[in-house]
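Engineer: Please find input02.pdb (PDB, C-alpha atoms) on the next line:
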```pdb
ATOM      1  CA  MET A   1     -12.405 -72.457  16.331
ATOM      2  CA  THR A   2     -12.245 -69.136  18.087
ATOM      3  CA  ALA A   3     -15.094 -66.689  17.491
ATOM      4  CA  THR A   4     -13.860 -63.691  15.528
ATOM      5  CA  PRO A   5     -16.191 -60.669  15.695
ATOM      6  CA  PHE A   6     -16.763 -58.667  12.515
ATOM      7  CA  LYS A   7     -18.877 -55.778  11.205
ATOM      8  CA  ALA A   8     -22.021 -55.661   9.087
ATOM      9  CA  ILE A   9     -23.937 -52.937   7.307
ATOM     10  CA  LEU A  10     -27.584 -53.598   6.517
ATOM     11  CA  LYS A  11     -28.843 -51.326   3.715
ATOM     12  CA  PHE A  12     -32.538 -50.584   3.277
ATOM     13  CA  ALA A  13     -34.781 -48.871   0.729
ATOM     14  CA  CYS A  14     -38.359 -47.836   1.441
ATOM     15  CA  GLN A  15     -41.417 -47.849  -0.785
ATOM     16  CA  ASP A  16     -41.298 -44.035  -1.088
ATOM     17  CA  GLY A  17     -37.605 -44.008  -2.098
ATOM     18  CA  HIS A  18     -36.153 -43.206   1.350
ATOM     19  CA  ARG A  19     -32.867 -45.090   1.970
ATOM     20  CA  PHE A  20     -30.950 -45.766   5.174
ATOM     21  CA  GLN A  21     -28.515 -48.218   6.719
ATOM     22  CA  HIS A  22     -27.732 -49.785  10.071
ATOM     23  CA  LYS A  23     -24.224 -50.666  11.227
ATOM     24  CA  CYS A  24     -23.893 -53.805  13.345
ATOM     25  CA  THR A  25     -21.335 -55.829  15.234
ATOM     26  CA  VAL A  26     -21.482 -59.576  14.663
ATOM     27  CA  SER A  27     -19.968 -61.573  17.548
ATOM     28  CA  ASP A  28     -19.492 -64.793  15.495
ATOM     29  CA  VAL A  29     -21.135 -66.772  18.325
ATOM     30  CA  ASN A  30     -23.807 -69.322  17.410
ATOM     31  CA  GLY A  31     -27.245 -68.339  18.704
ATOM     32  CA  GLU A  32     -26.347 -64.709  19.406
ATOM     33  CA  TYR A  33     -27.840 -61.741  17.560
ATOM     34  CA  TYR A  34     -26.302 -58.914  15.561
ATOM     35  CA  VAL A  35     -25.793 -55.881  17.820
ATOM     36  CA  PHE A  36     -26.852 -52.530  16.371
ATOM     37  CA  ALA A  37     -25.068 -49.213  16.953
ATOM     38  CA  ASP A  38     -27.282 -48.354  19.951
ATOM     39  CA  GLY A  39     -26.203 -51.571  21.731
ATOM     40  CA  ASN A  40     -29.508 -53.392  21.205
ATOM     41  CA  ASN A  41     -29.890 -56.659  19.320
ATOM     42  CA  ASP A  42     -32.970 -55.467  17.455
ATOM     43  CA  VAL A  43     -34.088 -52.379  15.564
ATOM     44  CA  VAL A  44     -37.501 -51.003  14.635
ATOM     45  CA  LEU A  45     -37.799 -50.107  10.973
ATOM     46  CA  PRO A  46     -39.449 -46.799   9.985
ATOM     47  CA  SER A  47     -43.225 -46.579   9.973
ATOM     48  CA  ASN A  48     -43.628 -43.481   7.812
ATOM     49  CA  HIS A  49     -42.101 -44.527   4.467
ATOM     50  CA  GLY A  50     -44.265 -47.503   3.433
ATOM     51  CA  ALA A  51     -42.846 -50.989   3.000
ATOM     52  CA  VAL A  52     -39.154 -51.401   3.855
ATOM     53  CA  TYR A  53     -36.774 -53.588   1.843
ATOM     54  CA  LEU A  54     -33.400 -55.038   2.843
ATOM     55  CA  VAL A  55     -31.496 -54.370  -0.390
ATOM     56  CA  ASP A  56     -27.919 -55.186   0.611
ATOM     57  CA  VAL A  57     -25.826 -56.693   3.391
ATOM     58  CA  VAL A  58     -22.099 -55.936   3.515
ATOM     59  CA  LEU A  59     -19.903 -57.990   5.866
ATOM     60  CA  SER A  60     -16.275 -57.340   6.769
ATOM     61  CA  ALA A  61     -15.620 -61.090   7.267
ATOM     62  CA  ALA A  62     -17.360 -64.439   6.775
ATOM     63  CA  GLY A  63     -16.978 -65.602  10.387
ATOM     64  CA  ALA A  64     -14.984 -68.439  11.904
ATOM     65  CA  ASP A  65     -17.684 -70.081  14.053
ATOM     66  CA  THR A  66     -20.809 -68.915  12.199
ATOM     67  CA  SER A  67     -21.580 -68.947   8.493
ATOM     68  CA  GLN A  68     -25.050 -67.433   8.294
ATOM     69  CA  GLY A  69     -27.657 -65.245   9.941
ATOM     70  CA  GLU A  70     -31.383 -65.937  10.218
ATOM     71  CA  ILE A  71     -33.578 -62.853   9.755
ATOM     72  CA  TYR A  72     -36.445 -62.318  12.206
ATOM     73  CA  ALA A  73     -39.261 -59.772  11.953
ATOM     74  CA  ASN A  74     -41.573 -59.115  14.888
ATOM     75  CA  GLY A  75     -40.251 -62.151  16.750
ATOM     76  CA  LYS A  76     -40.788 -64.665  13.935
ATOM     77  CA  SER A  77     -38.334 -66.118  11.462
ATOM     78  CA  THR A  78     -38.855 -64.769   7.947
ATOM     79  CA  GLY A  79     -37.282 -67.877   6.438
ATOM     80  CA  GLU A  80     -34.573 -65.677   4.913
ATOM     81  CA  ILE A  81     -30.929 -66.505   5.644
ATOM     82  CA  ILE A  82     -27.910 -64.228   5.231
ATOM     83  CA  LEU A  83     -25.078 -66.372   3.867
ATOM     84  CA  ASN A  84     -21.938 -64.725   5.220
ATOM     85  CA  ALA A  85     -19.624 -65.716   2.359
ATOM     86  CA  ALA A  86     -22.103 -64.354  -0.223
ATOM     87  CA  ASN A  87     -22.096 -60.895   1.395
ATOM     88  CA  LEU A  88     -18.439 -60.002   1.871
ATOM     89  CA  GLY A  89     -17.579 -56.413   1.014
ATOM     90  CA  THR A  90     -15.202 -57.685  -1.662
ATOM     91  CA  ASN A  91     -18.020 -59.427  -3.543
ATOM     92  CA  PHE A  92     -19.149 -57.496  -6.616
ATOM     93  CA  SER A  93     -22.719 -58.813  -6.417
ATOM     94  CA  ARG A  94     -24.098 -59.700  -3.002
ATOM     95  CA  GLN A  95     -27.065 -61.826  -1.982
ATOM     96  CA  PHE A  96     -29.928 -59.317  -1.660
ATOM     97  CA  MET A  97     -28.916 -56.839  -4.354
ATOM     98  CA  GLY A  98     -31.103 -58.576  -6.931
ATOM     99  CA  ALA A  99     -33.748 -60.008  -4.597
ATOM    100  CA  PRO A 100     -34.539 -57.661  -1.681
ATOM    101  CA  VAL A 101     -36.385 -58.893   1.405
ATOM    102  CA  GLY A 102     -39.533 -56.907   2.255
ATOM    103  CA  PHE A 103     -40.857 -55.898   5.674
ATOM    104  CA  VAL A 104     -44.008 -54.163   6.827
ATOM    105  CA  PRO A 105     -43.593 -50.635   8.218
ATOM    106  CA  ALA A 106     -42.444 -50.541  11.871
ATOM    107  CA  ALA A 107     -41.279 -54.180  11.879
ATOM    108  CA  ARG A 108     -38.856 -55.111  14.665
ATOM    109  CA  LEU A 109     -35.821 -56.694  12.986
ATOM    110  CA  ARG A 110     -33.242 -59.112  14.447
ATOM    111  CA  VAL A 111     -30.565 -61.301  12.892
ATOM    112  CA  LYS A 112     -29.564 -64.520  14.698
ATOM    113  CA  GLN A 113     -26.125 -65.996  13.986
ATOM    114  CA  LEU A 114     -25.972 -69.662  13.029
ATOM    115  CA  THR A 115     -23.230 -72.167  12.220
TER
END
```
Please render this file's structure as structure tokens.

Structural biologist:
Amino acid sequence: MTATPFKAILKFACQDGHRFQHKCTVSDVNGEYYVFADGNNDVVLPSNHGAVYLVDVVLSAAGADTSQGEIYANGKSTGEIILNAANLGTNFSRQFMGAPVGFVPAARLRVKQLT
């Protein structure tokens, strides 16, 4: 199939109640990483709000060539996988809304696209 880029929003909540989000472009190419708004394929989470939790992922499409994203923190796989079809914006309840993924303060986050 032909790779069809789409958009993602990663929503976070911190231990102290601070909330923020990161907008990304997903190329739909196996082995590539989400690209954040600053053009980098990684982002450093805040260090001054305690633990950071990924509470929601909203995707504009499920992908043609990729179907999931593997979450990395500080260069190592967390073992957590974003299932594209489970996180479409049209879904009422998405994957991490009921089971957030936690990160230590200042973790460097990346998401690798997989078939």

Engineer: Just want the 12 Å neighbourhood of range 67-70 of chain A, counted on all atoms listed in the file, with same-chain residues fewer than 2 positions away dropped. Output as an MDAnalysis selection string.

Structural biologist: chainID A and resid 3:4 8 26:34 57 59 61:65 72:73 75:88 95 109:115

Engineer: Could you spell out the hits of the PyMOL selection byres ((chain A and resi 54) around 7) on the shown file, as a list in words?

Structural biologist: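 Evaluating the PyMOL selection byres ((chain A and resi 54) around 7) on these coordinates yields Lys11, Phe12, Ala13, Val52, Tyr53, Val55, Asp56, Pro100, Val101 and Gly102 of chain A.
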
Engineer: So how far away is CA of Ala99 in chain A from CA of Lys7 in chain A, in Å?

Structural biologist: 22.1 Å

Engineer: State, in Å with one decimal place, the distance from CA of Asn48 in chain A to CA of Val104 in chain A.

Structural biologist: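 Atom-to-atom, CA of Asn48 in chain A to CA of Val104 in chain A, that is 10.7 Å.
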
Engineer: I need the output of the PyMOL selection byres ((chain A and resi 49) around 12) for this file as a ChimeraX atom specification; which residues are they?

Structural biologist: /A:12-20,45-48,50-53,103-106

Engineer: Could you state the separation of CA of Val43 in chain A and CA of Ala107 in chain A in Å, given to one decimal place?

Structural biologist: 8.3 Å

Engineer: I'd like the residues picked by the PyMOL selection byres ((chain A and resi 22) around 6) written out as a compact mmCIF listing (two decimals) with C-alpha atoms, in the coordinates of the input, using the chain letters and numbers from the file.

Structural biologist:
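Output below, filename out02.txt:
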```
# COMPACT_ATOMS: atom_id res chain seq x y z
CA ILE A 9 -23.94 -52.94 7.31
CA LEU A 10 -27.58 -53.60 6.52
CA GLN A 21 -28.52 -48.22 6.72
CA LYS A 23 -24.22 -50.67 11.23
```

Engineer: When you count all atoms listed in the file, which of these residues is closest to Asp42 in chain A: A:Ile71, A:Asn91, A:Phe6, A:Val58?

Structural biologist: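 Using all atoms listed in the file, the shortest distance to Asp42 in chain A belongs to A:Ile71.
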
Engineer: Hey, can I get the axis-aligned box for range 5-17 of chain A? All listed atoms, 6 Å padding on each side, centre and edge lengths in Å to one decimal, as JSON.

Structural biologist:
```
{"center_x": -28.8, "center_y": -52.3, "center_z": 6.8, "size_x": 37.2, "size_y": 28.7, "size_z": 29.8}
```
